[in-house]
$ cat entry-v7.txt   # compact mmCIF, N, CA and C atoms
# COMPACT_ATOMS: atom_id res chain seq x y z
N MET A 1 120.36 91.92 46.15
CA MET A 1 119.22 92.83 46.14
C MET A 1 118.00 92.18 46.80
N LYS A 2 117.79 90.90 46.48
CA LYS A 2 116.65 90.18 47.05
C LYS A 2 116.77 90.08 48.58
N ARG A 3 117.99 89.90 49.03
CA ARG A 3 118.24 89.79 50.46
C ARG A 3 117.97 91.12 51.18
N ILE A 4 118.30 92.23 50.58
CA ILE A 4 118.07 93.56 51.17
C ILE A 4 116.57 93.83 51.30
N VAL A 5 115.81 93.50 50.28
CA VAL A 5 114.35 93.68 50.32
C VAL A 5 113.74 92.83 51.44
N THR A 6 114.19 91.59 51.57
CA THR A 6 113.69 90.69 52.61
C THR A 6 114.01 91.24 53.99
N LEU A 7 115.22 91.71 54.21
CA LEU A 7 115.60 92.29 55.50
C LEU A 7 114.81 93.57 55.79
N SER A 8 114.57 94.37 54.79
CA SER A 8 113.78 95.60 54.98
C SER A 8 112.35 95.29 55.41
N ILE A 9 111.76 94.32 54.75
CA ILE A 9 110.38 93.93 55.10
C ILE A 9 110.33 93.34 56.50
N ALA A 10 111.30 92.52 56.84
CA ALA A 10 111.34 91.92 58.18
C ALA A 10 111.52 92.99 59.25
N SER A 11 112.38 93.96 59.02
CA SER A 11 112.58 95.02 60.02
C SER A 11 111.34 95.90 60.16
N LEU A 12 110.65 96.19 59.07
CA LEU A 12 109.41 96.96 59.14
C LEU A 12 108.34 96.22 59.93
N LEU A 13 108.18 94.94 59.67
CA LEU A 13 107.19 94.15 60.39
C LEU A 13 107.51 94.08 61.87
N SER A 14 108.77 93.89 62.22
CA SER A 14 109.14 93.81 63.64
C SER A 14 108.92 95.16 64.33
N THR A 15 109.15 96.25 63.62
CA THR A 15 108.91 97.58 64.19
C THR A 15 107.42 97.78 64.50
N PHE A 16 106.56 97.39 63.58
CA PHE A 16 105.12 97.53 63.82
C PHE A 16 104.65 96.63 64.96
N VAL A 17 105.17 95.43 65.04
CA VAL A 17 104.78 94.51 66.11
C VAL A 17 105.22 95.07 67.46
N LEU A 18 106.45 95.55 67.56
CA LEU A 18 106.94 96.12 68.82
C LEU A 18 106.17 97.38 69.20
N ALA A 19 105.86 98.22 68.24
CA ALA A 19 105.11 99.44 68.53
C ALA A 19 103.71 99.11 69.03
N GLY A 20 103.10 98.08 68.48
CA GLY A 20 101.77 97.66 68.93
C GLY A 20 101.79 97.08 70.32
N CYS A 21 102.84 96.39 70.70
CA CYS A 21 102.94 95.77 72.03
C CYS A 21 103.27 96.78 73.12
N MET A 22 103.90 97.88 72.75
CA MET A 22 104.34 98.84 73.75
C MET A 22 103.28 99.86 74.12
N GLY A 23 102.27 100.03 73.33
CA GLY A 23 101.24 101.03 73.60
C GLY A 23 100.29 100.60 74.69
N ASP A 24 99.66 101.59 75.35
CA ASP A 24 98.64 101.30 76.36
C ASP A 24 97.38 100.83 75.67
N SER A 25 96.66 99.97 76.36
CA SER A 25 95.37 99.56 75.80
C SER A 25 94.38 100.69 76.01
N PRO A 26 93.47 100.94 75.06
CA PRO A 26 92.53 102.05 75.18
C PRO A 26 91.63 101.93 76.39
N SER A 27 91.23 100.73 76.76
CA SER A 27 90.32 100.58 77.89
C SER A 27 91.00 100.93 79.19
N ALA A 28 92.29 100.63 79.34
CA ALA A 28 92.99 100.93 80.58
C ALA A 28 93.25 102.42 80.73
N SER A 29 93.54 103.11 79.64
CA SER A 29 93.88 104.53 79.76
C SER A 29 92.64 105.42 79.87
N HIS A 30 91.48 104.94 79.49
CA HIS A 30 90.28 105.77 79.52
C HIS A 30 89.27 105.32 80.56
N ASP A 31 89.63 104.42 81.43
CA ASP A 31 88.70 103.92 82.44
C ASP A 31 88.72 104.85 83.65
N LYS A 32 87.71 105.70 83.78
CA LYS A 32 87.68 106.69 84.85
C LYS A 32 87.55 106.07 86.24
N LYS A 33 86.90 104.92 86.35
CA LYS A 33 86.70 104.31 87.65
C LYS A 33 88.01 103.90 88.31
N ASN A 34 89.05 103.60 87.53
CA ASN A 34 90.33 103.19 88.08
C ASN A 34 91.32 104.35 88.20
N ASP A 35 90.96 105.51 87.74
CA ASP A 35 91.84 106.67 87.78
C ASP A 35 91.80 107.29 89.19
N VAL A 36 92.97 107.67 89.71
CA VAL A 36 93.07 108.24 91.06
C VAL A 36 92.23 109.51 91.18
N LYS A 37 92.17 110.29 90.12
CA LYS A 37 91.42 111.55 90.13
C LYS A 37 89.92 111.31 90.37
N TYR A 38 89.42 110.14 89.97
CA TYR A 38 87.99 109.86 90.04
C TYR A 38 87.63 108.86 91.14
N GLN A 39 88.52 108.60 92.10
CA GLN A 39 88.26 107.58 93.11
C GLN A 39 87.12 107.94 94.04
N ASP A 40 86.92 109.21 94.34
CA ASP A 40 85.88 109.62 95.28
C ASP A 40 84.52 109.85 94.62
N ARG A 41 84.41 109.61 93.35
CA ARG A 41 83.16 109.83 92.63
C ARG A 41 82.17 108.73 92.93
N VAL A 42 80.90 109.09 92.96
CA VAL A 42 79.81 108.13 93.14
C VAL A 42 79.15 107.96 91.78
N TYR A 43 79.05 106.73 91.34
CA TYR A 43 78.54 106.46 89.99
C TYR A 43 77.04 106.18 90.03
N ILE A 44 76.32 106.72 89.04
CA ILE A 44 74.87 106.66 88.95
C ILE A 44 74.48 105.47 88.08
N ASP A 45 73.49 104.70 88.54
CA ASP A 45 73.05 103.52 87.79
C ASP A 45 72.20 103.88 86.57
N LYS A 46 71.46 104.96 86.65
CA LYS A 46 70.53 105.34 85.59
C LYS A 46 71.23 106.19 84.52
N ASN A 47 70.64 106.22 83.34
CA ASN A 47 71.11 107.08 82.26
C ASN A 47 70.20 108.32 82.24
N LEU A 48 70.67 109.41 82.84
CA LEU A 48 69.86 110.61 82.98
C LEU A 48 70.50 111.78 82.23
N LYS A 49 69.68 112.76 81.91
CA LYS A 49 70.19 113.98 81.30
C LYS A 49 70.86 114.84 82.37
N LEU A 50 71.81 115.65 81.95
CA LEU A 50 72.55 116.50 82.88
C LEU A 50 71.62 117.45 83.64
N GLU A 51 70.63 117.99 82.97
CA GLU A 51 69.67 118.90 83.61
C GLU A 51 68.86 118.17 84.68
N SER A 52 68.49 116.94 84.42
CA SER A 52 67.74 116.14 85.39
C SER A 52 68.59 115.83 86.62
N ILE A 53 69.87 115.59 86.41
CA ILE A 53 70.77 115.32 87.53
C ILE A 53 70.91 116.57 88.39
N ARG A 54 71.10 117.73 87.75
CA ARG A 54 71.22 118.99 88.50
C ARG A 54 69.96 119.26 89.30
N TYR A 55 68.80 119.07 88.69
CA TYR A 55 67.51 119.30 89.35
C TYR A 55 67.35 118.38 90.56
N THR A 56 67.69 117.11 90.41
CA THR A 56 67.54 116.15 91.49
C THR A 56 68.50 116.46 92.64
N ILE A 57 69.73 116.82 92.33
CA ILE A 57 70.70 117.16 93.37
C ILE A 57 70.23 118.38 94.16
N LYS A 58 69.77 119.42 93.45
CA LYS A 58 69.29 120.62 94.14
C LYS A 58 68.08 120.34 95.02
N ASN A 59 67.10 119.59 94.49
CA ASN A 59 65.90 119.29 95.28
C ASN A 59 66.20 118.42 96.49
N THR A 60 67.09 117.47 96.34
CA THR A 60 67.45 116.60 97.46
C THR A 60 68.12 117.41 98.56
N GLY A 61 69.06 118.26 98.19
CA GLY A 61 69.72 119.10 99.18
C GLY A 61 68.77 120.04 99.89
N GLN A 62 67.87 120.66 99.13
CA GLN A 62 66.89 121.57 99.75
C GLN A 62 65.96 120.82 100.69
N ARG A 63 65.59 119.61 100.31
CA ARG A 63 64.72 118.80 101.17
C ARG A 63 65.40 118.46 102.50
N LEU A 64 66.72 118.33 102.48
CA LEU A 64 67.48 118.02 103.69
C LEU A 64 67.90 119.27 104.46
N GLY A 65 67.50 120.45 103.98
CA GLY A 65 67.78 121.69 104.69
C GLY A 65 69.04 122.41 104.24
N TRP A 66 69.60 122.02 103.12
CA TRP A 66 70.79 122.67 102.59
C TRP A 66 70.38 123.83 101.67
N ILE A 67 71.18 124.87 101.63
CA ILE A 67 70.99 125.97 100.68
C ILE A 67 71.82 125.60 99.45
N MET A 68 71.16 125.43 98.31
CA MET A 68 71.82 124.96 97.09
C MET A 68 71.97 126.13 96.11
N THR A 69 73.21 126.38 95.67
CA THR A 69 73.52 127.48 94.76
C THR A 69 74.28 126.95 93.55
N ASP A 70 73.78 127.26 92.34
CA ASP A 70 74.50 126.87 91.13
C ASP A 70 75.82 127.62 91.09
N PHE A 71 76.90 126.90 90.79
CA PHE A 71 78.23 127.51 90.76
C PHE A 71 78.78 127.55 89.34
N LYS A 72 78.88 126.43 88.70
CA LYS A 72 79.32 126.33 87.31
C LYS A 72 78.31 125.47 86.57
N SER A 73 78.60 125.17 85.32
CA SER A 73 77.66 124.36 84.55
C SER A 73 77.57 122.93 85.09
N ASN A 74 78.56 122.49 85.86
CA ASN A 74 78.52 121.14 86.40
C ASN A 74 78.81 121.10 87.90
N SER A 75 78.56 122.21 88.60
CA SER A 75 78.84 122.27 90.04
C SER A 75 77.73 123.00 90.77
N ILE A 76 77.52 122.56 92.00
CA ILE A 76 76.56 123.20 92.91
C ILE A 76 77.26 123.35 94.25
N ILE A 77 77.07 124.50 94.89
CA ILE A 77 77.60 124.70 96.24
C ILE A 77 76.44 124.52 97.20
N ALA A 78 76.62 123.61 98.16
CA ALA A 78 75.60 123.32 99.16
C ALA A 78 76.09 123.85 100.51
N GLU A 79 75.23 124.61 101.18
CA GLU A 79 75.58 125.18 102.48
C GLU A 79 74.55 124.74 103.50
N ASN A 80 75.03 124.26 104.62
CA ASN A 80 74.15 123.85 105.71
C ASN A 80 74.46 124.72 106.91
N VAL A 81 73.53 125.58 107.27
CA VAL A 81 73.71 126.49 108.38
C VAL A 81 73.01 125.89 109.59
N ASP A 82 73.81 125.48 110.55
CA ASP A 82 73.29 124.86 111.77
C ASP A 82 73.54 125.80 112.94
N LYS A 83 72.91 125.53 114.07
CA LYS A 83 73.10 126.38 115.25
C LYS A 83 74.56 126.38 115.70
N ASN A 84 75.20 125.23 115.66
CA ASN A 84 76.56 125.09 116.18
C ASN A 84 77.64 125.24 115.11
N ALA A 85 77.34 124.84 113.88
CA ALA A 85 78.40 124.85 112.87
C ALA A 85 77.81 125.07 111.48
N ASN A 86 78.63 125.63 110.62
CA ASN A 86 78.27 125.80 109.22
C ASN A 86 79.10 124.83 108.40
N LYS A 87 78.49 124.26 107.37
CA LYS A 87 79.22 123.33 106.51
C LYS A 87 78.95 123.69 105.06
N THR A 88 80.00 123.72 104.25
CA THR A 88 79.89 123.99 102.82
C THR A 88 80.48 122.82 102.05
N VAL A 89 79.72 122.34 101.06
CA VAL A 89 80.12 121.21 100.25
C VAL A 89 79.99 121.62 98.78
N THR A 90 80.99 121.31 97.98
CA THR A 90 80.92 121.53 96.54
C THR A 90 80.58 120.21 95.87
N ILE A 91 79.51 120.20 95.10
CA ILE A 91 79.06 118.99 94.41
C ILE A 91 79.34 119.19 92.92
N THR A 92 80.20 118.34 92.36
CA THR A 92 80.45 118.35 90.92
C THR A 92 79.82 117.09 90.34
N TYR A 93 79.29 117.21 89.13
CA TYR A 93 78.57 116.08 88.54
C TYR A 93 78.75 116.06 87.03
N ASP A 94 78.53 114.88 86.48
CA ASP A 94 78.44 114.71 85.03
C ASP A 94 77.34 113.69 84.76
N LYS A 95 77.25 113.17 83.54
CA LYS A 95 76.13 112.28 83.19
C LYS A 95 76.19 110.94 83.89
N SER A 96 77.35 110.53 84.40
CA SER A 96 77.47 109.20 84.98
C SER A 96 77.87 109.18 86.44
N SER A 97 78.22 110.34 87.03
CA SER A 97 78.70 110.32 88.40
C SER A 97 78.61 111.70 89.04
N PHE A 98 78.83 111.73 90.36
CA PHE A 98 78.93 112.99 91.08
C PHE A 98 79.93 112.82 92.21
N GLN A 99 80.39 113.96 92.77
CA GLN A 99 81.37 113.94 93.84
C GLN A 99 81.09 115.08 94.79
N LEU A 100 81.20 114.82 96.09
CA LEU A 100 81.06 115.84 97.11
C LEU A 100 82.43 116.13 97.70
N GLU A 101 82.78 117.41 97.80
CA GLU A 101 84.08 117.79 98.34
C GLU A 101 83.89 118.89 99.36
N PRO A 102 84.09 118.73 100.63
CA PRO A 102 84.37 117.49 101.33
C PRO A 102 83.13 116.61 101.40
N ASP A 103 83.35 115.35 101.66
CA ASP A 103 82.26 114.37 101.64
C ASP A 103 81.31 114.58 102.82
N ASP A 104 80.02 114.45 102.56
CA ASP A 104 78.99 114.43 103.59
C ASP A 104 78.15 113.18 103.34
N PRO A 105 78.32 112.12 104.15
CA PRO A 105 77.67 110.84 103.86
C PRO A 105 76.14 110.91 103.77
N LYS A 106 75.52 111.69 104.63
CA LYS A 106 74.05 111.77 104.61
C LYS A 106 73.56 112.40 103.31
N LEU A 107 74.17 113.50 102.90
CA LEU A 107 73.79 114.17 101.66
C LEU A 107 74.12 113.30 100.45
N ARG A 108 75.31 112.69 100.44
CA ARG A 108 75.72 111.82 99.34
C ARG A 108 74.75 110.65 99.15
N ASP A 109 74.39 109.97 100.25
CA ASP A 109 73.49 108.82 100.16
C ASP A 109 72.09 109.23 99.70
N ALA A 110 71.62 110.39 100.16
CA ALA A 110 70.29 110.86 99.75
C ALA A 110 70.28 111.22 98.25
N ILE A 111 71.33 111.87 97.78
CA ILE A 111 71.42 112.21 96.35
C ILE A 111 71.47 110.94 95.51
N LEU A 112 72.30 109.98 95.91
CA LEU A 112 72.41 108.73 95.17
C LEU A 112 71.08 108.00 95.12
N TYR A 113 70.37 107.96 96.24
CA TYR A 113 69.07 107.27 96.27
C TYR A 113 68.08 107.96 95.32
N ASP A 114 68.03 109.29 95.39
CA ASP A 114 67.06 110.01 94.55
C ASP A 114 67.40 109.92 93.06
N LEU A 115 68.69 109.86 92.74
CA LEU A 115 69.07 109.72 91.33
C LEU A 115 68.75 108.33 90.79
N ASN A 116 68.92 107.31 91.62
CA ASN A 116 68.68 105.94 91.16
C ASN A 116 67.22 105.51 91.31
N HIS A 117 66.45 106.23 92.11
CA HIS A 117 65.02 105.90 92.31
C HIS A 117 64.19 107.18 92.18
N PRO A 118 64.08 107.75 90.99
CA PRO A 118 63.40 109.05 90.86
C PRO A 118 61.92 109.01 91.25
N ALA A 119 61.25 107.90 91.10
CA ALA A 119 59.83 107.84 91.45
C ALA A 119 59.62 107.60 92.94
N LYS A 120 60.63 107.11 93.64
CA LYS A 120 60.50 106.76 95.06
C LYS A 120 61.26 107.71 95.96
N ARG A 121 61.20 108.97 95.70
CA ARG A 121 61.94 109.93 96.53
C ARG A 121 61.42 109.90 97.95
N ARG A 122 62.35 109.99 98.88
CA ARG A 122 61.99 109.93 100.31
C ARG A 122 61.26 111.16 100.75
$ encode --input "entry-v7.txt" --output "structure tokens"
Amino acid sequence: MKRIVTLSIASLLSTFVLAGCMGDSPSASHDKKNDVKYQDRVYIDKNLKLESIRYTIKNTGQRLGWIMTDFKSNSIIAENVDKNANKTVTITYDKSSFQLEPDDPKLRDAILYDLNHPAKRR
């Protein structure tokens, strides 16, 4: 009887140890910066409110000549009507990052600068 209890305890302990070793670490599974879905996102250095981020993105785009239209609670559609070509960009954002689809380097860099330097807007 004593031997059966000892074997039962040993098997339970080994099961818990193996289950703990086989699981993903929480930091690896929840790290958005390493996730393929979030590779094109631009991360913001400041801790800003969502409304402040939306306001800054819209003002920056308008200052650069883009027509900015709210699309969803976390998206803005930016349209640039030029003599030769029209360009439409969808900007999605959250509290820590934003993404332009398709990417426009000039607009992206201006938004990032204005978000990280709110007092020094160009």
$ atom_distance --input "entry-v7.txt" --atom1 "atom CA of Asn80 of chain A" --atom2 "atom CA of Trp66 of chain A"
4.7 Å
$ closest_residue --input "entry-v7.txt" --among "A:Pro118, A:Ser75, A:Val42, A:Ile67" --to "Arg54 of chain A" --atoms "all atoms listed in the file"
A:Ser75
$ atom_distance --input "entry-v7.txt" --atom1 "atom CA of Val81 of chain A" --atom2 "atom CA of Asp114 of chain A"
22.5 Å
$ atom_distance --input "entry-v7.txt" --atom1 "atom CA of Ser73 of chain A" --atom2 "atom N of Ala110 of chain A"
21.8 Å
$ residues_around --input "entry-v7.txt" --residues "Thr69 of chain A" --least-positions-apart "4" --cutoff "7 Å" --atoms "all atoms listed in the file" --output "PyMOL selection string"
chain A and resi 75-79
$ residues_around --input "entry-v7.txt" --residues "Asn116 of chain A" --least-positions-apart "5" --cutoff "8 Å" --atoms "all atoms listed in the file" --output "list in words"
Ile44, Asp45, Lys46, Ala110 and Ile111 of chain A
$ residues_around --input "entry-v7.txt" --residues "Leu50 of chain A" --least-positions-apart "3" --cutoff "6.5 Å" --atoms "all atoms listed in the file" --output "list in words"
Ile53, Arg54, Tyr55, Asp94 and Lys95 of chain A
$ write_last_selection --input "entry-v7.txt" --atoms "N, CA and C atoms" --output "CSV table (one decimal), in the frame of the given file"
chain,number,residue,atom,x,y,z
A,53,ILE,N,69.9,115.6,86.4
A,53,ILE,CA,70.8,115.3,87.5
A,53,ILE,C,70.9,116.6,88.4
A,54,ARG,N,71.1,117.7,87.8
A,54,ARG,CA,71.2,119.0,88.5
A,54,ARG,C,70.0,119.3,89.3
A,55,TYR,N,68.8,119.1,88.7
A,55,TYR,CA,67.5,119.3,89.4
A,55,TYR,C,67.4,118.4,90.6
A,94,ASP,N,78.5,114.9,86.5
A,94,ASP,CA,78.4,114.7,85.0
A,94,ASP,C,77.3,113.7,84.8
A,95,LYS,N,77.2,113.2,83.5
A,95,LYS,CA,76.1,112.3,83.2
A,95,LYS,C,76.2,110.9,83.9
$ closest_residue --input "entry-v7.txt" --among "A:Thr6, A:Thr88, A:Leu64, A:Tyr93" --to "Asp109 of chain A" --atoms "only C-alpha atoms"
A:Leu64
$ closest_residue --input "entry-v7.txt" --among "A:Gly61, A:Lys72, A:Tyr113, A:Leu7" --to "Val89 of chain A" --atoms "only C-alpha atoms"
A:Gly61
$ select_by_dssp --input "entry-v7.txt" --residues "segment 31-117 of chain A" --states "strand (DSSP E)" --output "ChimeraX atom specification"
/A:42-43,67-72,75-81,86-93,97-101
$ closest_residue --input "entry-v7.txt" --among "A:Ile4, A:Ser14, A:Asp40, A:Ser52" --to "Glu101 of chain A" --atoms "only C-alpha atoms"
A:Asp40
